[in-house]
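J.: Contents of final-v3.cif (mmCIF, C-alpha atoms):
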data_coords
loop_
_atom_site.label_atom_id
_atom_site.label_comp_id
_atom_site.auth_asym_id
_atom_site.auth_seq_id
_atom_site.Cartn_x
_atom_site.Cartn_y
_atom_site.Cartn_z
CA MET E 375 22.21 -9.32 -58.00
CA ARG E 376 22.63 -5.60 -58.54
CA ARG E 377 20.06 -2.84 -58.19
CA PRO E 378 18.15 -3.52 -54.94
CA THR E 379 14.40 -3.33 -55.42
CA ALA E 380 13.42 -1.88 -52.06
CA VAL E 381 14.72 0.15 -49.14
CA LEU E 382 14.25 -0.49 -45.46
CA THR E 383 11.49 1.67 -43.95
CA CYS E 384 11.53 0.36 -40.38
CA ALA E 385 10.96 3.27 -38.02
CA LEU E 386 13.53 1.90 -35.60
CA LEU E 387 16.43 2.20 -38.01
CA LEU E 388 15.36 5.72 -38.99
CA ALA E 389 15.19 6.65 -35.33
CA VAL E 390 18.62 5.21 -34.58
CA ALA E 391 20.19 6.76 -37.66
CA SER E 392 18.86 10.22 -36.78
CA ALA E 393 20.15 9.90 -33.23
CA CYS E 394 23.65 8.96 -34.35
CA GLY E 395 23.85 12.20 -36.27
CA GLY E 396 23.83 14.02 -32.92
CA GLY E 397 26.36 14.37 -30.17
CA GLY E 398 26.29 10.90 -28.63
CA SER E 399 29.20 9.83 -26.45
CA ASP E 400 31.81 7.52 -27.92
CA GLY E 401 33.46 6.54 -24.65
CA ASP E 402 34.82 3.14 -23.73
CA GLN E 403 32.27 0.47 -22.90
CA GLN E 404 32.60 -1.23 -19.53
CA GLU E 405 31.49 -4.57 -18.18
CA SER E 406 27.99 -4.74 -16.77
CA SER E 407 27.59 -3.83 -13.11
CA PRO E 408 25.58 -6.10 -10.79
CA GLU E 409 23.24 -3.20 -9.95
CA VAL E 410 22.25 -2.46 -13.54
CA ARG E 411 22.13 -6.08 -14.63
CA SER E 412 19.88 -7.08 -11.74
CA ALA E 413 17.50 -4.24 -12.66
CA VAL E 414 16.92 -5.57 -16.19
CA GLU E 415 15.32 -8.94 -16.93
CA VAL E 416 15.04 -10.23 -20.51
CA SER E 417 13.15 -13.40 -21.48
CA GLY E 418 11.61 -14.99 -24.55
CA ASP E 419 12.79 -16.92 -27.59
CA PHE E 420 15.76 -15.74 -29.63
CA GLY E 421 14.60 -13.88 -32.76
CA ALA E 422 11.15 -13.17 -31.31
CA GLU E 423 10.10 -10.00 -29.50
CA PRO E 424 11.56 -10.30 -26.00
CA GLU E 425 9.79 -9.56 -22.76
CA VAL E 426 11.86 -6.91 -21.01
CA THR E 427 11.22 -5.99 -17.38
CA VAL E 428 13.04 -2.94 -16.03
CA ASP E 429 13.18 -1.82 -12.42
CA ALA E 430 12.32 1.72 -13.51
CA PRO E 431 13.51 4.37 -13.34
CA LEU E 432 16.83 2.81 -14.33
CA GLU E 433 20.00 4.58 -13.26
CA VAL E 434 22.82 4.19 -15.81
CA SER E 435 26.00 6.22 -15.32
CA THR E 436 28.02 4.50 -18.07
CA SER E 437 26.72 2.39 -20.95
CA GLU E 438 27.02 -1.31 -20.15
CA SER E 439 26.33 -4.58 -21.96
CA TRP E 440 26.06 -8.31 -21.38
CA THR E 441 25.14 -11.45 -23.31
CA THR E 442 22.15 -13.52 -22.19
CA SER E 443 22.69 -16.31 -24.74
CA GLU E 444 25.70 -17.01 -26.94
CA GLY E 445 25.37 -18.23 -30.50
CA ASP E 446 27.74 -20.40 -32.51
CA GLY E 447 27.67 -18.59 -35.86
CA ASP E 448 30.17 -16.28 -37.55
CA THR E 449 31.75 -13.51 -35.50
CA VAL E 450 30.71 -9.87 -35.89
CA GLY E 451 33.66 -7.69 -36.88
CA ASN E 452 34.27 -3.94 -36.65
CA ALA E 453 33.35 -3.42 -40.29
CA SER E 454 30.74 -6.19 -40.54
CA THR E 455 27.16 -5.86 -41.62
CA ALA E 456 24.78 -7.64 -39.26
CA ILE E 457 21.10 -8.54 -39.45
CA LEU E 458 19.47 -7.76 -36.13
CA GLN E 459 16.21 -7.94 -34.27
CA LEU E 460 16.31 -4.82 -32.09
CA THR E 461 14.05 -3.89 -29.21
CA LEU E 462 14.31 -0.53 -27.44
CA VAL E 463 12.91 0.00 -23.94
CA ASP E 464 12.66 3.36 -22.16
CA GLY E 465 14.71 3.03 -18.98
CA ARG E 466 12.74 5.76 -17.25
CA THR E 467 9.32 4.15 -17.73
CA GLY E 468 10.20 0.50 -18.45
CA LYS E 469 7.96 0.58 -21.52
CA THR E 470 8.96 -0.91 -24.88
CA ALA E 471 9.35 1.94 -27.35
CA VAL E 472 9.79 -0.03 -30.57
CA SER E 473 10.81 -3.50 -31.74
CA THR E 474 11.69 -4.91 -35.14
CA ALA E 475 10.28 -8.23 -33.94
CA SER E 476 6.76 -6.88 -33.41
CA LYS E 477 4.00 -7.64 -35.89
CA GLY E 478 4.38 -5.84 -39.21
CA GLN E 479 8.06 -5.09 -38.69
CA ALA E 480 11.14 -6.89 -39.99
CA PRO E 481 14.78 -7.41 -38.98
CA ILE E 482 17.17 -4.64 -39.94
CA GLU E 483 20.48 -4.72 -41.75
CA VAL E 484 23.10 -2.56 -40.05
CA ALA E 485 26.61 -1.72 -41.23
CA LEU E 486 28.59 -1.43 -38.01
CA GLY E 487 31.21 0.80 -39.59
CA SER E 488 28.61 3.46 -40.40
CA GLN E 489 26.56 5.75 -38.17
CA GLN E 490 23.35 3.75 -38.52
CA ILE E 491 23.24 2.65 -34.91
CA PHE E 492 24.32 3.78 -31.45
CA PRO E 493 28.08 3.48 -30.79
CA SER E 494 27.36 1.72 -27.48
CA VAL E 495 25.49 -1.00 -29.38
CA VAL E 496 28.27 -1.34 -31.95
CA LYS E 497 30.82 -1.87 -29.17
CA ALA E 498 28.59 -4.47 -27.55
CA LEU E 499 28.13 -6.40 -30.81
CA VAL E 500 31.71 -6.54 -32.08
CA GLY E 501 33.14 -9.95 -31.21
CA GLN E 502 29.72 -11.54 -30.69
CA LYS E 503 28.66 -14.55 -32.72
CA ALA E 504 25.55 -14.87 -34.87
CA GLY E 505 22.85 -16.47 -32.76
CA SER E 506 23.67 -14.36 -29.69
CA ARG E 507 21.32 -12.14 -27.70
CA VAL E 508 23.02 -9.02 -26.35
CA VAL E 509 21.56 -6.52 -23.88
CA VAL E 510 22.80 -2.92 -23.70
CA ALA E 511 21.88 -0.51 -20.91
CA SER E 512 22.76 2.79 -22.50
CA THR E 513 23.03 6.28 -21.09
CA SER E 514 21.03 9.08 -22.61
CA ASP E 515 24.24 10.61 -23.97
CA ASP E 516 24.91 7.37 -25.88
CA THR E 517 21.41 7.27 -27.39
CA TYR E 518 19.01 10.18 -27.94
CA GLY E 519 20.62 12.80 -25.71
CA ALA E 520 18.81 15.86 -24.40
CA ASN E 521 16.32 15.92 -27.29
CA GLY E 522 15.02 12.39 -26.80
CA ASN E 523 12.99 10.79 -29.56
CA PRO E 524 9.33 11.88 -29.49
CA GLN E 525 8.58 9.60 -32.47
CA ILE E 526 8.94 6.55 -30.23
CA GLY E 527 8.05 8.18 -26.92
CA ILE E 528 11.50 8.58 -25.37
CA LYS E 529 12.09 11.88 -23.56
CA GLY E 530 15.34 13.76 -23.36
CA GLY E 531 17.65 12.35 -20.72
CA ASP E 532 16.03 8.89 -20.65
CA PRO E 533 18.38 5.90 -20.52
CA VAL E 534 17.57 3.18 -23.04
CA VAL E 535 17.75 -0.60 -22.78
CA ILE E 536 18.46 -2.26 -26.14
CA VAL E 537 18.05 -5.97 -26.78
CA ALA E 538 19.87 -7.08 -29.92
CA ASP E 539 19.43 -10.56 -31.39
CA VAL E 540 22.20 -11.18 -33.94
CA LEU E 541 20.43 -13.19 -36.64
CA SER E 542 23.31 -13.21 -39.10
CA THR E 543 26.52 -11.44 -40.07
CA ASP E 544 29.04 -11.49 -42.91
CA PRO E 545 30.46 -14.98 -43.52
CA THR E 546 33.99 -15.23 -42.16
CA ASP E 547 34.92 -18.50 -43.92
CA VAL E 548 34.27 -18.12 -47.64
CA LEU E 549 34.92 -20.91 -50.13
CA ASP E 550 37.09 -20.37 -53.20
CA GLY E 551 34.44 -21.96 -55.41
CA PRO E 552 31.54 -24.41 -55.37
CA ASP E 553 32.29 -27.52 -53.39
CA GLY E 554 29.65 -30.19 -53.71
CA THR E 555 28.26 -33.12 -55.63
CA ALA E 556 27.44 -32.62 -59.31
CA VAL E 557 23.74 -32.83 -60.19
CA THR E 558 22.52 -33.52 -63.73
CA PRO E 559 20.22 -30.66 -64.79
CA PRO E 560 17.08 -31.11 -66.91
CA ARG E 561 17.74 -31.45 -70.66
CA ASN E 562 16.00 -28.15 -71.42
CA ALA E 563 17.88 -26.13 -68.78
CA PRO E 564 20.18 -23.23 -69.71
CA ARG E 565 23.81 -24.29 -70.03
CA VAL E 566 26.71 -22.60 -68.28
CA VAL E 567 29.69 -21.94 -70.54
CA GLU E 568 33.03 -22.01 -68.73
CA LYS E 569 36.53 -20.89 -69.56
CA GLY E 570 39.29 -22.22 -67.35
CA GLY E 571 36.65 -23.57 -64.98
CA VAL E 572 35.02 -20.14 -64.55
CA PRO E 573 31.53 -19.27 -65.91
CA VAL E 574 31.74 -16.75 -68.75
CA SER E 575 28.25 -16.94 -70.28
CA ILE E 576 24.98 -18.86 -70.35
CA THR E 577 23.51 -20.55 -73.42
CA MET E 578 19.71 -20.48 -73.48
CA PRO E 579 17.72 -23.47 -74.75
CA LYS E 580 15.36 -23.17 -77.68
CA GLY E 581 11.67 -22.79 -77.04
CA LYS E 582 9.52 -20.59 -74.85
CA LYS E 583 10.89 -18.80 -71.84
CA PRO E 584 9.71 -20.10 -68.47
CA THR E 585 7.03 -18.01 -66.80
CA LYS E 586 7.77 -19.15 -63.25
CA LEU E 587 10.85 -19.01 -61.05
CA GLN E 588 13.14 -21.99 -61.60
CA VAL E 589 15.90 -23.07 -59.21
CA ILE E 590 18.14 -25.61 -60.95
CA THR E 591 20.88 -27.24 -58.88
CA LEU E 592 24.10 -27.94 -60.77
CA GLU E 593 26.21 -28.78 -57.73
CA LYS E 594 24.88 -29.63 -54.27
CA GLY E 595 27.00 -28.44 -51.34
CA ASP E 596 26.77 -29.85 -47.83
CA GLY E 597 27.17 -26.61 -45.88
CA PRO E 598 24.48 -24.69 -43.99
CA ALA E 599 21.31 -23.77 -45.88
CA ILE E 600 20.38 -20.16 -46.57
CA ALA E 601 17.42 -18.90 -44.54
CA ALA E 602 15.50 -15.67 -44.88
CA ALA E 603 17.41 -12.85 -43.14
CA ASP E 604 20.85 -14.37 -43.75
CA ARG E 605 24.04 -12.71 -44.93
CA VAL E 606 25.59 -14.65 -47.81
CA SER E 607 28.69 -14.45 -49.99
CA VAL E 608 28.39 -15.60 -53.60
CA ASP E 609 29.94 -15.45 -57.03
CA TYR E 610 27.41 -14.93 -59.79
CA LEU E 611 26.89 -14.20 -63.47
CA GLY E 612 23.66 -12.87 -64.97
CA GLN E 613 22.39 -12.85 -68.54
CA VAL E 614 19.15 -11.88 -70.27
CA TRP E 615 17.16 -14.77 -71.77
CA SER E 616 17.27 -13.66 -75.40
CA PRO E 617 18.78 -14.92 -78.67
CA LYS E 618 20.42 -11.50 -78.99
CA ALA E 619 22.04 -11.64 -75.56
CA THR E 620 25.26 -13.65 -75.73
CA LYS E 621 27.18 -11.81 -73.02
CA PRO E 622 26.45 -11.35 -69.30
CA PHE E 623 25.17 -8.00 -68.07
CA ASP E 624 26.82 -8.48 -64.68
CA GLN E 625 29.23 -10.89 -62.97
CA SER E 626 31.55 -11.14 -59.97
CA TYR E 627 33.94 -13.89 -61.00
CA ASP E 628 36.76 -11.52 -61.88
CA GLY E 629 36.78 -9.91 -58.43
CA ASP E 630 35.80 -10.53 -54.84
CA PRO E 631 32.59 -12.43 -54.06
CA ALA E 632 29.49 -10.33 -53.43
CA THR E 633 28.10 -10.28 -49.88
CA PHE E 634 24.49 -9.26 -49.26
CA SER E 635 21.35 -10.06 -47.29
CA ILE E 636 18.63 -12.48 -48.30
CA GLY E 637 15.02 -11.89 -47.25
CA LEU E 638 15.22 -8.12 -46.72
CA SER E 639 14.43 -6.86 -50.24
CA ARG E 640 18.07 -5.99 -50.86
CA VAL E 641 18.09 -7.99 -54.09
CA ILE E 642 15.49 -8.90 -56.69
CA LYS E 643 12.59 -11.03 -55.49
CA ALA E 644 13.80 -14.07 -57.41
CA TRP E 645 16.98 -14.11 -55.33
CA ASP E 646 15.13 -13.54 -52.06
CA GLN E 647 12.83 -16.46 -52.86
CA GLY E 648 15.02 -18.80 -54.89
CA LEU E 649 18.13 -18.86 -52.70
CA VAL E 650 16.34 -19.80 -49.47
CA GLY E 651 17.22 -23.43 -48.74
CA VAL E 652 20.27 -23.49 -51.05
CA THR E 653 23.28 -24.87 -49.18
CA GLU E 654 26.79 -23.48 -48.90
CA GLY E 655 29.05 -24.99 -51.55
CA SER E 656 26.25 -25.24 -54.12
CA ARG E 657 26.05 -23.92 -57.66
CA VAL E 658 22.56 -23.15 -58.90
CA LEU E 659 20.85 -21.61 -61.89
CA LEU E 660 18.04 -19.16 -61.20
CA VAL E 661 15.62 -18.47 -64.05
CA CYS E 662 13.86 -15.26 -63.05
CA PRO E 663 10.64 -14.13 -64.79
CA PRO E 664 10.14 -10.36 -65.13
CA GLY E 665 7.71 -10.17 -62.22
CA LEU E 666 10.42 -11.41 -59.87
CA ALA E 667 13.19 -9.38 -61.50
CA TYR E 668 12.80 -5.80 -62.79
CA GLY E 669 9.34 -6.08 -64.31
CA LYS E 670 8.46 -3.45 -66.88
CA ALA E 671 11.37 -1.21 -65.93
CA ALA E 672 14.43 -1.32 -68.16
CA GLN E 673 17.81 -1.30 -66.43
CA GLY E 674 20.03 0.77 -68.68
CA ASP E 675 20.94 -0.66 -72.06
CA ASP E 676 21.75 -4.12 -70.73
CA ILE E 677 18.36 -5.24 -69.41
CA PRO E 678 15.32 -4.31 -71.54
CA ALA E 679 11.91 -3.91 -69.95
CA GLY E 680 10.12 -7.21 -69.36
CA SER E 681 13.30 -9.29 -69.39
CA THR E 682 13.59 -12.83 -68.08
CA LEU E 683 16.97 -13.15 -66.37
CA VAL E 684 19.16 -16.18 -65.81
CA PHE E 685 21.86 -16.32 -63.13
CA VAL E 686 24.48 -18.90 -62.29
CA ILE E 687 25.23 -18.51 -58.57
CA ASP E 688 27.94 -20.14 -56.45
CA VAL E 689 27.07 -20.00 -52.73
CA LEU E 690 30.44 -19.57 -51.04
CA GLY E 691 29.45 -18.55 -47.51
CA VAL E 692 26.37 -18.36 -45.27
CA GLY E 693 26.70 -16.08 -42.23
#
For this file, write the structure as structure tokens.
T.:
Amino acid sequence: MRRPTAVLTCALLLAVASACGGGGSDGDQQESSPEVRSAVEVSGDFGAEPEVTVDAPLEVSTSESWTTSEGDGDTVGNASTAILQLTLVDGRTGKTAVSTASKGQAPIEVALGSQQIFPSVVKALVGQKAGSRVVVASTSDDTYGANGNPQIGIKGGDPVVIVADVLSTDPTDVLDGPDGTAVTPPRNAPRVVEKGGVPVSITMPKGKKPTKLQVITLEKGDGPAIAAADRVSVDYLGQVWSPKATKPFDQSYDGDPATFSIGLSRVIKAWDQGLVGVTEGSRVLLVCPPGLAYGKAAQGDDIPAGSTLVFVIDVLGVG
């Protein structure tokens, strides 16, 4: 799972991150006032780019927030990481400045305990459930301040309306281990070697290495299925497909489960592709050809260039 293969380049996150480095207010958030709420109308499907109508110019004296639809997923905590669709609207003009849901963009992964995003948005999101749409009417002091953000067309002093769709967050109920129905793997599949019921290595079959991604179910759980842009918690062990490799190069079974995002290029492509559709409680083997792993780039002494990798993965939580 280690060594992410890409970084997020969405202009929205860069804009938010740069703003939070300034002197934004960190005052207490209050309930939405009827005047502000009636001046902002948000419509459209959850997860898609919303249509936001603002009775501009919007007057916001204190940052306010409200929920237009409540989800039933895991709850966002103070230190959670959340996957969001974010849309920013200039309160002075009523024009959409930027949206992660627009064509060519992608949802963003935000660590709420960092300074990646406006404090007023963090306060609005904590306690919300995945699947919720939250609207924040934010003062200039709580967003871009006197300098504004010319990159997205917001002038200094402009209030900002932020629509945040919470696609996923860190799983709050995480299993202790796989919990499903055993599935007989193909005869030529790699074999997981266990000690005390815990995977310690993988024995590779004889013959040629597969050239395509293989997802082999060893145990089928009945929990929710992983979708693209989901936060997941897993235990895993990875090993190079090679007669010389008898020990894993990485594993999480001797510590806490790993929590990360699927579908946002935070992990190798084989994980982003192969784990979609796998259900909570399952144990799977992923056979990852070089093109979906690290390609021609060696990863230290453990993973030579051009390696095929094999992982055993226990899906313990889907946020």
J.: Convert the output of the PyMOL selection byres ((chain E and resi 556) around 8) on the shown file into explicit residues, formatted as a PyMOL selection string.
T.: chain E and resi 554-555+557-558+592-594
J.: So what does the PyMOL selection byres ((chain E and resi 474) around 8) actually pick up in this one, as an MDAnalysis selection string?
T.: chainID E and resid 384 386 423 459:461 472:473 475:476 479:482
J.: Expanded to explicit residues, what is the PyMOL selection byres ((chain E and resi 607) around 10) for this file, as a count of residues only?
T.: 24
J.: Taking (15.1, 10.0, -22.2) as a centre in this file's frame and 10 Å as the limit, can you find every polymer residue with an atom that close, using all atoms listed in the file, and give them as a VMD selection string?
T.: chain E and resid 464 to 467 513 to 515 517 to 524 527 to 534
J.: Using only C-alpha atoms, can you tell me which of E:Gly648, E:Pro552, E:Gly637, E:Pro493 comes closest to Val661 (chain E)?
T.: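 Answer, going by the shortest atom-to-atom distance: E:Gly648.
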J.: Between E:Ala644, E:Val537, E:Val658, E:Ala671, which has the minimum distance to Ala471 (chain E) (counting only C-alpha atoms)?
T.: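 Between E:Ala644, E:Val537, E:Val658, E:Ala671, the residue approaching Ala471 (chain E) most closely is E:Val537.
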J.: Quick one: residues within 12 Å of Ala619 (chain E), all atoms listed in the file, excluding same-chain residues fewer than 4 positions away - as a ChimeraX atom specification?
T.: /E:575-578,612-615,623,675-678,681-684
J.: Could you write those residues out with C-alpha atoms, as a short mmCIF file (atom, residue, chain, number, x, y, z; two decimals), in the frame of the given file?
T.:
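Saved to out-v3.cif:
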data_model
loop_
_atom_site.label_atom_id
_atom_site.label_comp_id
_atom_site.auth_asym_id
_atom_site.auth_seq_id
_atom_site.Cartn_x
_atom_site.Cartn_y
_atom_site.Cartn_z
CA SER E 575 28.25 -16.94 -70.28
CA ILE E 576 24.98 -18.86 -70.35
CA THR E 577 23.51 -20.55 -73.42
CA MET E 578 19.71 -20.48 -73.48
CA GLY E 612 23.66 -12.87 -64.97
CA GLN E 613 22.39 -12.85 -68.54
CA VAL E 614 19.15 -11.88 -70.27
CA TRP E 615 17.16 -14.77 -71.77
CA PHE E 623 25.17 -8.00 -68.07
CA ASP E 675 20.94 -0.66 -72.06
CA ASP E 676 21.75 -4.12 -70.73
CA ILE E 677 18.36 -5.24 -69.41
CA PRO E 678 15.32 -4.31 -71.54
CA SER E 681 13.30 -9.29 -69.39
CA THR E 682 13.59 -12.83 -68.08
CA LEU E 683 16.97 -13.15 -66.37
CA VAL E 684 19.16 -16.18 -65.81
#
J.: Would you pick out the contacts of Lys503 (chain E) at 8 Å or less, using all atoms listed in the file, so that residues sharing its chain but fewer than 6 positions from it are not included, and give the list as JSON, numbers by chain?
T.: {"E": [444, 445, 446, 447, 448, 449, 450, 540]}
J.: Using only C-alpha atoms for the distances, tell me which of E:Ile457, E:Leu462, E:Val566, E:Ala601 is nearest to Lys621 (chain E).
T.: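 That would be E:Val566, the residue with the smallest distance to Lys621 (chain E).
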J.: To one decimal place, how far is CA of Gln490 (chain E) from CA of Thr543 (chain E) in Å?
T.: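 Straight-line distance from CA of Gln490 (chain E) to CA of Thr543 (chain E) works out to 15.6 Å.
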J.: Pick out the residues sitting within 12 Å of Gly581 (chain E), and hand them over as a PyMOL selection string; count only C-alpha atoms, and ignore anything fewer than 3 positions along from it in its own chain.
T.: chain E and resi 562-564+578+584+615-617
J.: Give me the residues near region 431-440 of chain E as a ChimeraX atom specification, where near means some atom within 9 Å (using only C-alpha atoms) and where sequence neighbours in that chain fewer than 6 positions away do not count.
T.: /E:401-407,410-411,413-414,464-468,494-495,497-498,507-514,516,532-534
J.: Between E:Pro560, E:Gly421, E:Gly571, E:Pro598, which has the minimum distance to Gly505 (chain E) (counting only C-alpha atoms)?
T.: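 The shortest atom-to-atom distance to Gly505 (chain E) comes from E:Gly421.
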J.: Return the single residue from E:Ile526, E:Tyr668, E:Val463, E:Tyr627 that is closest to Val641 (chain E), with distances computed using only C-alpha atoms.
T.: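 Closest to Val641 (chain E), using only C-alpha atoms: E:Tyr668.
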J.: What is the CA of Glu415 (chain E) to CA of Thr470 (chain E) distance in Å?
T.: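 Distance reported for this atom pair: 13.0 Å.
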J.: What separation in Å, quoted to one decimal, exists between CA of Gly629 (chain E) and CA of Pro573 (chain E)?
T.: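 That distance, rounded to one decimal, is 13.1 Å.
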J.: Using all atoms listed in the file for the distances, tell me which of E:Gln673, E:Ser412, E:Thr455, E:Thr620 is nearest to Ile491 (chain E).
T.: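 Distance minimum relative to Ile491 (chain E) lands on E:Thr455.
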J.: Where atoms are missing, can you supply N, CA and C atoms for region 548-570 of chain E and output the lot as a compact mmCIF listing (two decimals), in the coordinates of the input?
T.:
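File selection_23.txt, as written:
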# COMPACT_ATOMS: atom_id res chain seq x y z
N VAL E 548 34.87 -18.14 -46.30
CA VAL E 548 34.27 -18.12 -47.64
C VAL E 548 35.04 -19.07 -48.55
N LEU E 549 34.31 -19.95 -49.22
CA LEU E 549 34.92 -20.91 -50.13
C LEU E 549 35.53 -20.23 -51.35
N ASP E 550 36.49 -20.88 -51.97
CA ASP E 550 37.09 -20.37 -53.20
C ASP E 550 36.21 -20.64 -54.42
N GLY E 551 35.32 -21.59 -54.30
CA GLY E 551 34.44 -21.96 -55.41
C GLY E 551 33.43 -22.97 -54.92
N PRO E 552 32.52 -23.40 -55.79
CA PRO E 552 31.54 -24.41 -55.37
C PRO E 552 32.23 -25.69 -54.94
N ASP E 553 31.66 -26.33 -53.95
CA ASP E 553 32.29 -27.52 -53.39
C ASP E 553 31.19 -28.50 -53.00
N GLY E 554 30.75 -29.27 -53.99
CA GLY E 554 29.65 -30.19 -53.71
C GLY E 554 29.60 -31.32 -54.72
N THR E 555 28.48 -31.99 -54.73
CA THR E 555 28.26 -33.12 -55.63
C THR E 555 27.53 -32.66 -56.88
N ALA E 556 28.07 -33.03 -58.05
CA ALA E 556 27.44 -32.62 -59.31
C ALA E 556 26.04 -33.22 -59.44
N VAL E 557 25.13 -32.41 -59.96
CA VAL E 557 23.74 -32.83 -60.19
C VAL E 557 23.43 -32.62 -61.68
N THR E 558 22.86 -33.63 -62.30
CA THR E 558 22.52 -33.52 -63.73
C THR E 558 21.28 -32.65 -63.90
N PRO E 559 21.38 -31.54 -64.63
CA PRO E 559 20.22 -30.66 -64.79
C PRO E 559 19.25 -31.22 -65.83
N PRO E 560 18.03 -30.70 -65.87
CA PRO E 560 17.08 -31.11 -66.91
C PRO E 560 17.65 -30.82 -68.30
N ARG E 561 17.21 -31.59 -69.28
CA ARG E 561 17.74 -31.45 -70.66
C ARG E 561 17.47 -30.07 -71.23
N ASN E 562 16.35 -29.45 -70.84
CA ASN E 562 16.00 -28.15 -71.42
C ASN E 562 16.45 -26.98 -70.57
N ALA E 563 17.38 -27.22 -69.64
CA ALA E 563 17.88 -26.13 -68.78
C ALA E 563 18.92 -25.30 -69.52
N PRO E 564 19.06 -24.02 -69.17
CA PRO E 564 20.18 -23.23 -69.71
C PRO E 564 21.51 -23.90 -69.37
N ARG E 565 22.50 -23.65 -70.20
CA ARG E 565 23.81 -24.29 -70.03
C ARG E 565 24.87 -23.25 -69.71
N VAL E 566 25.63 -23.51 -68.68
CA VAL E 566 26.71 -22.60 -68.28
C VAL E 566 27.94 -22.88 -69.13
N VAL E 567 28.47 -21.83 -69.74
CA VAL E 567 29.69 -21.94 -70.54
C VAL E 567 30.86 -21.48 -69.68
N GLU E 568 31.88 -22.32 -69.58
CA GLU E 568 33.03 -22.01 -68.73
C GLU E 568 34.29 -21.82 -69.55
N LYS E 569 35.20 -21.05 -68.99
CA LYS E 569 36.53 -20.89 -69.56
C LYS E 569 37.52 -20.98 -68.40
N GLY E 570 38.38 -22.00 -68.46
CA GLY E 570 39.29 -22.22 -67.35
C GLY E 570 38.58 -22.55 -66.06
